[in-house]
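*Asks:* target11.pdb is reproduced in full below (PDB, C-alpha atoms and all ligand atoms).
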ATOM      1  CA  MET A   1      21.095  -3.534   4.048  1.00  0.00           C
ATOM      2  CA  GLU A   2      17.564  -2.256   3.575  1.00  0.00           C
ATOM      3  CA  ASP A   3      14.992  -4.819   2.433  1.00  0.00           C
ATOM      4  CA  LYS A   4      12.795  -3.244  -0.259  1.00  0.00           C
ATOM      5  CA  THR A   5      10.426  -6.219  -0.150  1.00  0.00           C
ATOM      6  CA  THR A   6       9.147  -5.074   3.242  1.00  0.00           C
ATOM      7  CA  ARG A   7       5.385  -4.687   3.043  1.00  0.00           C
ATOM      8  CA  HIS A   8       3.346  -1.962   4.641  1.00  0.00           C
ATOM      9  CA  THR A   9      -0.376  -1.636   5.236  1.00  0.00           C
ATOM     10  CA  ILE A  10      -1.952   1.294   3.390  1.00  0.00           C
ATOM     11  CA  THR A  11      -5.322   2.471   4.705  1.00  0.00           C
ATOM     12  CA  VAL A  12      -7.527   4.515   2.375  1.00  0.00           C
ATOM     13  CA  GLU A  13      -9.937   6.937   4.062  1.00  0.00           C
ATOM     14  CA  PRO A  14     -12.777   7.469   4.365  1.00  0.00           C
ATOM     15  CA  GLY A  15     -13.836   3.918   4.863  1.00  0.00           C
ATOM     16  CA  GLY A  16     -10.597   2.459   6.140  1.00  0.00           C
ATOM     17  CA  GLU A  17     -10.083  -0.074   3.349  1.00  0.00           C
ATOM     18  CA  GLU A  18      -6.595  -1.532   3.445  1.00  0.00           C
ATOM     19  CA  PHE A  19      -4.086  -3.044   1.057  1.00  0.00           C
ATOM     20  CA  GLN A  20      -0.472  -4.156   1.265  1.00  0.00           C
ATOM     21  CA  CYS A  21       2.312  -2.352  -0.602  1.00  0.00           C
ATOM     22  CA  ARG A  22       5.998  -3.260  -0.831  1.00  0.00           C
ATOM     23  CA  GLU A  23       8.651  -0.588  -0.432  1.00  0.00           C
ATOM     24  CA  ASP A  24       9.741  -1.075  -4.043  1.00  0.00           C
ATOM     25  CA  GLN A  25       6.185  -0.559  -5.378  1.00  0.00           C
ATOM     26  CA  HIS A  26       4.243   2.643  -5.794  1.00  0.00           C
ATOM     27  CA  LEU A  27       0.776   2.627  -4.287  1.00  0.00           C
ATOM     28  CA  LEU A  28      -1.088   2.251  -7.594  1.00  0.00           C
ATOM     29  CA  GLU A  29       1.116  -0.650  -8.634  1.00  0.00           C
ATOM     30  CA  ALA A  30       0.197  -2.497  -5.436  1.00  0.00           C
ATOM     31  CA  LEU A  31      -3.517  -1.790  -5.965  1.00  0.00           C
ATOM     32  CA  LYS A  32      -3.338  -2.987  -9.566  1.00  0.00           C
ATOM     33  CA  ALA A  33      -1.604  -6.198  -8.464  1.00  0.00           C
ATOM     34  CA  VAL A  34      -4.551  -7.077  -6.248  1.00  0.00           C
ATOM     35  CA  GLY A  35      -7.202  -5.797  -8.686  1.00  0.00           C
ATOM     36  CA  ARG A  36      -8.542  -3.006  -6.492  1.00  0.00           C
ATOM     37  CA  ARG A  37      -9.365   0.602  -7.432  1.00  0.00           C
ATOM     38  CA  LEU A  38      -9.402   2.461  -4.131  1.00  0.00           C
ATOM     39  CA  ILE A  39      -7.467   5.381  -5.688  1.00  0.00           C
ATOM     40  CA  PRO A  40      -8.178   6.814  -9.179  1.00  0.00           C
ATOM     41  CA  SER A  41      -5.742   5.332 -11.661  1.00  0.00           C
ATOM     42  CA  GLY A  42      -4.414   6.689 -14.933  1.00  0.00           C
ATOM     43  CA  CYS A  43      -1.011   6.713 -16.602  1.00  0.00           C
ATOM     44  CA  HIS A  44       1.006   5.274 -13.663  1.00  0.00           C
ATOM     45  CA  GLY A  45       3.869   7.555 -14.701  1.00  0.00           C
ATOM     46  CA  GLY A  46       3.167  10.927 -13.079  1.00  0.00           C
ATOM     47  CA  GLY A  47       1.771  12.423 -16.281  1.00  0.00           C
ATOM     48  CA  CYS A  48      -1.985  12.700 -15.798  1.00  0.00           C
ATOM     49  CA  GLY A  49      -2.425  13.683 -12.133  1.00  0.00           C
ATOM     50  CA  VAL A  50      -5.622  11.703 -11.536  1.00  0.00           C
ATOM     51  CA  CYS A  51      -4.081   9.741  -8.660  1.00  0.00           C
ATOM     52  CA  ARG A  52      -3.645  12.698  -6.288  1.00  0.00           C
ATOM     53  CA  ILE A  53      -3.790  11.667  -2.647  1.00  0.00           C
ATOM     54  CA  ARG A  54      -3.353  13.385   0.681  1.00  0.00           C
ATOM     55  CA  ILE A  55      -1.086  11.562   3.102  1.00  0.00           C
ATOM     56  CA  ILE A  56      -2.697  11.641   6.526  1.00  0.00           C
ATOM     57  CA  GLY A  57      -0.156   9.476   8.301  1.00  0.00           C
ATOM     58  CA  GLY A  58       3.013   7.494   7.734  1.00  0.00           C
ATOM     59  CA  GLU A  59       6.276   7.925   5.882  1.00  0.00           C
ATOM     60  CA  ALA A  60       7.029   7.677   2.169  1.00  0.00           C
ATOM     61  CA  ASP A  61       9.638   8.388  -0.472  1.00  0.00           C
ATOM     62  CA  PHE A  62       8.617  10.021  -3.713  1.00  0.00           C
ATOM     63  CA  LYS A  63       9.682   9.826  -7.307  1.00  0.00           C
ATOM     64  CA  VAL A  64       9.753  13.160  -9.156  1.00  0.00           C
ATOM     65  CA  MET A  65       6.305  14.783  -9.389  1.00  0.00           C
ATOM     66  CA  SER A  66       5.331  17.491 -11.870  1.00  0.00           C
ATOM     67  CA  ARG A  67       4.484  20.866 -10.290  1.00  0.00           C
ATOM     68  CA  ARG A  68       1.621  20.940 -12.748  1.00  0.00           C
ATOM     69  CA  HIS A  69      -0.073  18.199 -10.737  1.00  0.00           C
ATOM     70  CA  VAL A  70       1.405  18.759  -7.256  1.00  0.00           C
ATOM     71  CA  THR A  71       2.425  22.296  -6.322  1.00  0.00           C
ATOM     72  CA  GLU A  72       4.767  23.223  -3.482  1.00  0.00           C
ATOM     73  CA  ASP A  73       1.713  24.263  -1.434  1.00  0.00           C
ATOM     74  CA  ASP A  74       0.183  20.853  -2.156  1.00  0.00           C
ATOM     75  CA  ARG A  75       3.336  19.132  -0.905  1.00  0.00           C
ATOM     76  CA  ARG A  76       3.195  21.104   2.356  1.00  0.00           C
ATOM     77  CA  GLU A  77      -0.387  19.826   2.767  1.00  0.00           C
ATOM     78  CA  GLY A  78       0.741  16.241   2.256  1.00  0.00           C
ATOM     79  CA  ILE A  79      -0.574  15.893  -1.289  1.00  0.00           C
ATOM     80  CA  ALA A  80       1.258  13.550  -3.632  1.00  0.00           C
ATOM     81  CA  LEU A  81       0.671  11.323  -6.640  1.00  0.00           C
ATOM     82  CA  ALA A  82      -0.035   7.728  -5.660  1.00  0.00           C
ATOM     83  CA  CYS A  83       1.922   6.504  -8.686  1.00  0.00           C
ATOM     84  CA  ARG A  84       5.024   8.353  -7.420  1.00  0.00           C
ATOM     85  CA  THR A  85       4.682   7.333  -3.749  1.00  0.00           C
ATOM     86  CA  LEU A  86       6.763   4.515  -2.242  1.00  0.00           C
ATOM     87  CA  PRO A  87       5.763   3.592   1.336  1.00  0.00           C
ATOM     88  CA  ARG A  88       8.354   3.540   4.100  1.00  0.00           C
ATOM     89  CA  SER A  89       5.910   2.713   6.896  1.00  0.00           C
ATOM     90  CA  ASP A  90       2.239   1.886   7.272  1.00  0.00           C
ATOM     91  CA  MET A  91       0.317   4.822   5.789  1.00  0.00           C
ATOM     92  CA  ARG A  92      -3.127   6.433   5.868  1.00  0.00           C
ATOM     93  CA  VAL A  93      -4.171   8.318   2.746  1.00  0.00           C
ATOM     94  CA  GLU A  94      -7.260   9.873   1.204  1.00  0.00           C
ATOM     95  CA  LYS A  95      -8.114  11.020  -2.304  1.00  0.00           C
ATOM     96  CA  ALA A  96      -7.107  14.678  -2.752  1.00  0.00           C
ATOM     97  CA  PRO A  97      -9.087  17.380  -4.556  1.00  0.00           C
ATOM     98  CA  ARG A  98      -8.100  18.085  -8.127  1.00  0.00           C
ATOM     99  CA  PRO A  99      -6.025  21.250  -8.699  1.00  0.00           C
ATOM    100  CA  PRO A 100      -8.125  24.371  -9.547  1.00  0.00           C
ATOM    101  CA  VAL A 101      -6.389  24.681 -12.920  1.00  0.00           C
ATOM    102  CA  TRP A 102      -8.117  21.472 -13.985  1.00  0.00           C
ATOM    103  CA  ALA A 103     -11.523  23.161 -13.787  1.00  0.00           C
ATOM    104  CA  SER A 104     -10.818  25.114 -16.970  1.00  0.00           C
ATOM    105  CA  ARG A 105      -9.586  22.108 -18.916  1.00  0.00           C
ATOM    106  CA  THR A 106     -11.832  20.435 -21.410  1.00  0.00           C
ATOM    107  CA  PRO A 107     -12.148  16.677 -21.087  1.00  0.00           C
ATOM    108  CA  SER A 108      -9.351  14.872 -22.853  1.00  0.00           C
ATOM    109  CA  ARG A 109      -9.615  11.586 -24.641  1.00  0.00           C
ATOM    110  CA  GLY A 110     -10.577   8.929 -22.131  1.00  0.00           C
ATOM    111  CA  GLN A 111     -12.282  11.329 -19.706  1.00  0.00           C
ATOM    112  CA  ASN A 112     -16.045  11.310 -19.594  1.00  0.00           C
ATOM    113  CA  GLN A 113     -18.332  14.207 -18.816  1.00  0.00           C
ATOM    114  CA  SER A 114     -19.152  13.087 -15.286  1.00  0.00           C
ATOM    115  CA  GLU A 115     -15.459  12.977 -14.420  1.00  0.00           C
ATOM    116  CA  SER A 116     -15.121  16.514 -15.753  1.00  0.00           C
ATOM    117  CA  GLY A 117     -18.011  17.625 -13.535  1.00  0.00           C
ATOM    118  CA  ILE A 118     -16.255  16.257 -10.476  1.00  0.00           C
ATOM    119  CA  GLN A 119     -13.137  18.234 -11.340  1.00  0.00           C
ATOM    120  CA  GLN A 120     -15.064  21.460 -11.780  1.00  0.00           C
ATOM    121  CA  SER A 121     -16.779  21.142  -8.441  1.00  0.00           C
ATOM    122  CA  GLY A 122     -13.505  20.462  -6.689  1.00  0.00           C
ATOM    123  CA  VAL A 123     -15.151  17.585  -4.855  1.00  0.00           C
ATOM    124  CA  ASN A 124     -13.372  14.296  -5.104  1.00  0.00           C
ATOM    125  CA  ARG A 125     -14.687  12.129  -2.319  1.00  0.00           C
TER     126      ARG A 125
HETATM  127  S1  LIG A 201      -1.781   7.744 -12.585  1.00  0.00           S
HETATM  128 FE1  LIG A 201      -1.229   9.422 -13.874  1.00  0.00          FE
HETATM  129  S2  LIG A 201      -0.165  10.740 -12.515  1.00  0.00           S
HETATM  130 FE2  LIG A 201      -0.567   8.981 -11.300  1.00  0.00          FE
END
Have the structure of the file written as structure tokens, please.
Ligand code: FES
*Replies:*
Amino acid sequence: MEDKTTRHTITVEPGGEEFQCREDQHLLEALKAVGRRLIPSGCHGGGCGVCRIRIIGGEADFKVMSRRHVTEDDRREGIALACRTLPRSDMRVEKAPRPPVWASRTPSRGQNQSESGIQQSGVNR
């Protein structure tokens, strides 16, 4: 029987900071548990898309992700939502650029102007 309490080391690039995540936790849940913010955090339910990451290495399972936030092309490039990603091995990830469609969106409640500027430039590192 598979042990879902198995922990894996998640490395966030650039910088190589690491945290531990159980197989029954999504990546943001593990970060929240240790009080770290290495990946942008929002709704924790797949609804806002701010936690987009690119998986550079390792294996994971995924809960359902909206195509609005992660397209099929994104998936082929290893992009996923950290709040929908359950590790199945040690992993290396990096923050992923925001989708182009976000550039035309006006800031919603809770987003500040500087965050909006980052989205419009497409730079998220
Ligand atoms: S935190 Fe909102 S989609 Fe992941």
*Asks:* Counting only C-alpha atoms and all ligand atoms, figure out which residue out of A:Val34, A:Leu81, A:Val64, A:Leu27 gets nearest to ligand LIG 201 (chain A).
*Replies:* A:Leu81
*Asks:* Restricting the calculation to only C-alpha atoms and all ligand atoms, which member of A:Met65, A:Cys83, A:Val93, A:Ala30 is positioned closest to ligand LIG 201 (chain A)?
*Replies:*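 Closest to ligand LIG 201 (chain A) of all the choices is A:Cys83.
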*Asks:* Of the candidates A:Arg22, A:Arg92, A:His44, A:Arg68, which one gets nearest to ligand LIG 201 (chain A) if we count all atoms listed in the file?
*Replies:*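 Ranked by minimum distance to ligand LIG 201 (chain A), first place goes to A:His44.
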*Asks:* Compute the set of protein, DNA and RNA residues whose minimum atom distance to ligand LIG 201 (chain A) is at most 8 Å, using all atoms listed in the file, and state it as a list in words.
*Replies:*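 What falls inside 8 Å of ligand LIG 201 (chain A) is Leu28, Pro40, Ser41, Gly42, Cys43, His44, Gly45, Gly46, Gly47, Cys48, Gly49, Val50, Cys51, Arg52, His69, Leu81, Ala82, Cys83 and Arg84 of chain A.
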*Asks:* Spell out the residues picked by the PyMOL selection byres (((chain A and resi 18) around 10) and not hetatm) here, as an NGL selection string.
*Replies:* :A and (9-13 or 15-17 or 19-21 or 31 or 38 or 91-92)
*Asks:* Check which residues satisfy the PyMOL selection byres (((chain A and resi 59) around 10) and not hetatm) in the file shown, then give them as an mmCIF file with C-alpha atoms, in the coordinates of the input.
*Replies:*
data_model
loop_
_atom_site.group_PDB
_atom_site.id
_atom_site.type_symbol
_atom_site.label_atom_id
_atom_site.label_comp_id
_atom_site.auth_asym_id
_atom_site.auth_seq_id
_atom_site.Cartn_x
_atom_site.Cartn_y
_atom_site.Cartn_z
ATOM 1 C CA ILE A 55 -1.086 11.562 3.102
ATOM 2 C CA ILE A 56 -2.697 11.641 6.526
ATOM 3 C CA GLY A 57 -0.156 9.476 8.301
ATOM 4 C CA GLY A 58 3.013 7.494 7.734
ATOM 5 C CA ALA A 60 7.029 7.677 2.169
ATOM 6 C CA ASP A 61 9.638 8.388 -0.472
ATOM 7 C CA THR A 85 4.682 7.333 -3.749
ATOM 8 C CA LEU A 86 6.763 4.515 -2.242
ATOM 9 C CA PRO A 87 5.763 3.592 1.336
ATOM 10 C CA ARG A 88 8.354 3.540 4.100
ATOM 11 C CA SER A 89 5.910 2.713 6.896
ATOM 12 C CA ASP A 90 2.239 1.886 7.272
ATOM 13 C CA MET A 91 0.317 4.822 5.789
ATOM 14 C CA ARG A 92 -3.127 6.433 5.868
#
*Asks:* What is the CA of Gly78 (chain A)-CA of Pro97 (chain A) distance in Å, reported with one decimal?
*Replies:*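 CA of Pro97 (chain A) lies 12.0 Å from CA of Gly78 (chain A).
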*Asks:* So for region 75-89 of chain A, what box centre and size do we get, axis-aligned, 6 Å extra on each of the six sides, every listed atom, Å to one decimal, as AutoDock Vina command-line options?
*Replies:*
--center_x 3.9 --center_y 11.9 --center_z -0.9 --size_x 20.9 --size_y 30.4 --size_z 27.6
*Asks:* Using only C-alpha atoms, which of the listed residues (A:Lys32, A:Arg75, A:His8, A:Arg67) sits closest to Ile53 (chain A)?
*Replies:*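 Ranking A:Lys32, A:Arg75, A:His8, A:Arg67 by distance to Ile53 (chain A), first place goes to A:Arg75.
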*Asks:* Tell me which of A:Pro99, A:Arg54, A:Glu29, A:Lys63 sits closest to Glu77 (chain A), counting all atoms listed in the file.
*Replies:* A:Arg54
*Asks:* CA of Thr6 (chain A) and CA of Glu23 (chain A), how far apart in Å?
*Replies:*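 Computed distance, CA of Glu23 (chain A) to CA of Thr6 (chain A), equals 5.8 Å.
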*Asks:* For CA of Asp24 (chain A) and CA of Asp74 (chain A), determine how far apart the two atoms are, in Å to one decimal place.
*Replies:*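 Pair CA of Asp24 (chain A) / CA of Asp74 (chain A) returns 24.0 Å.
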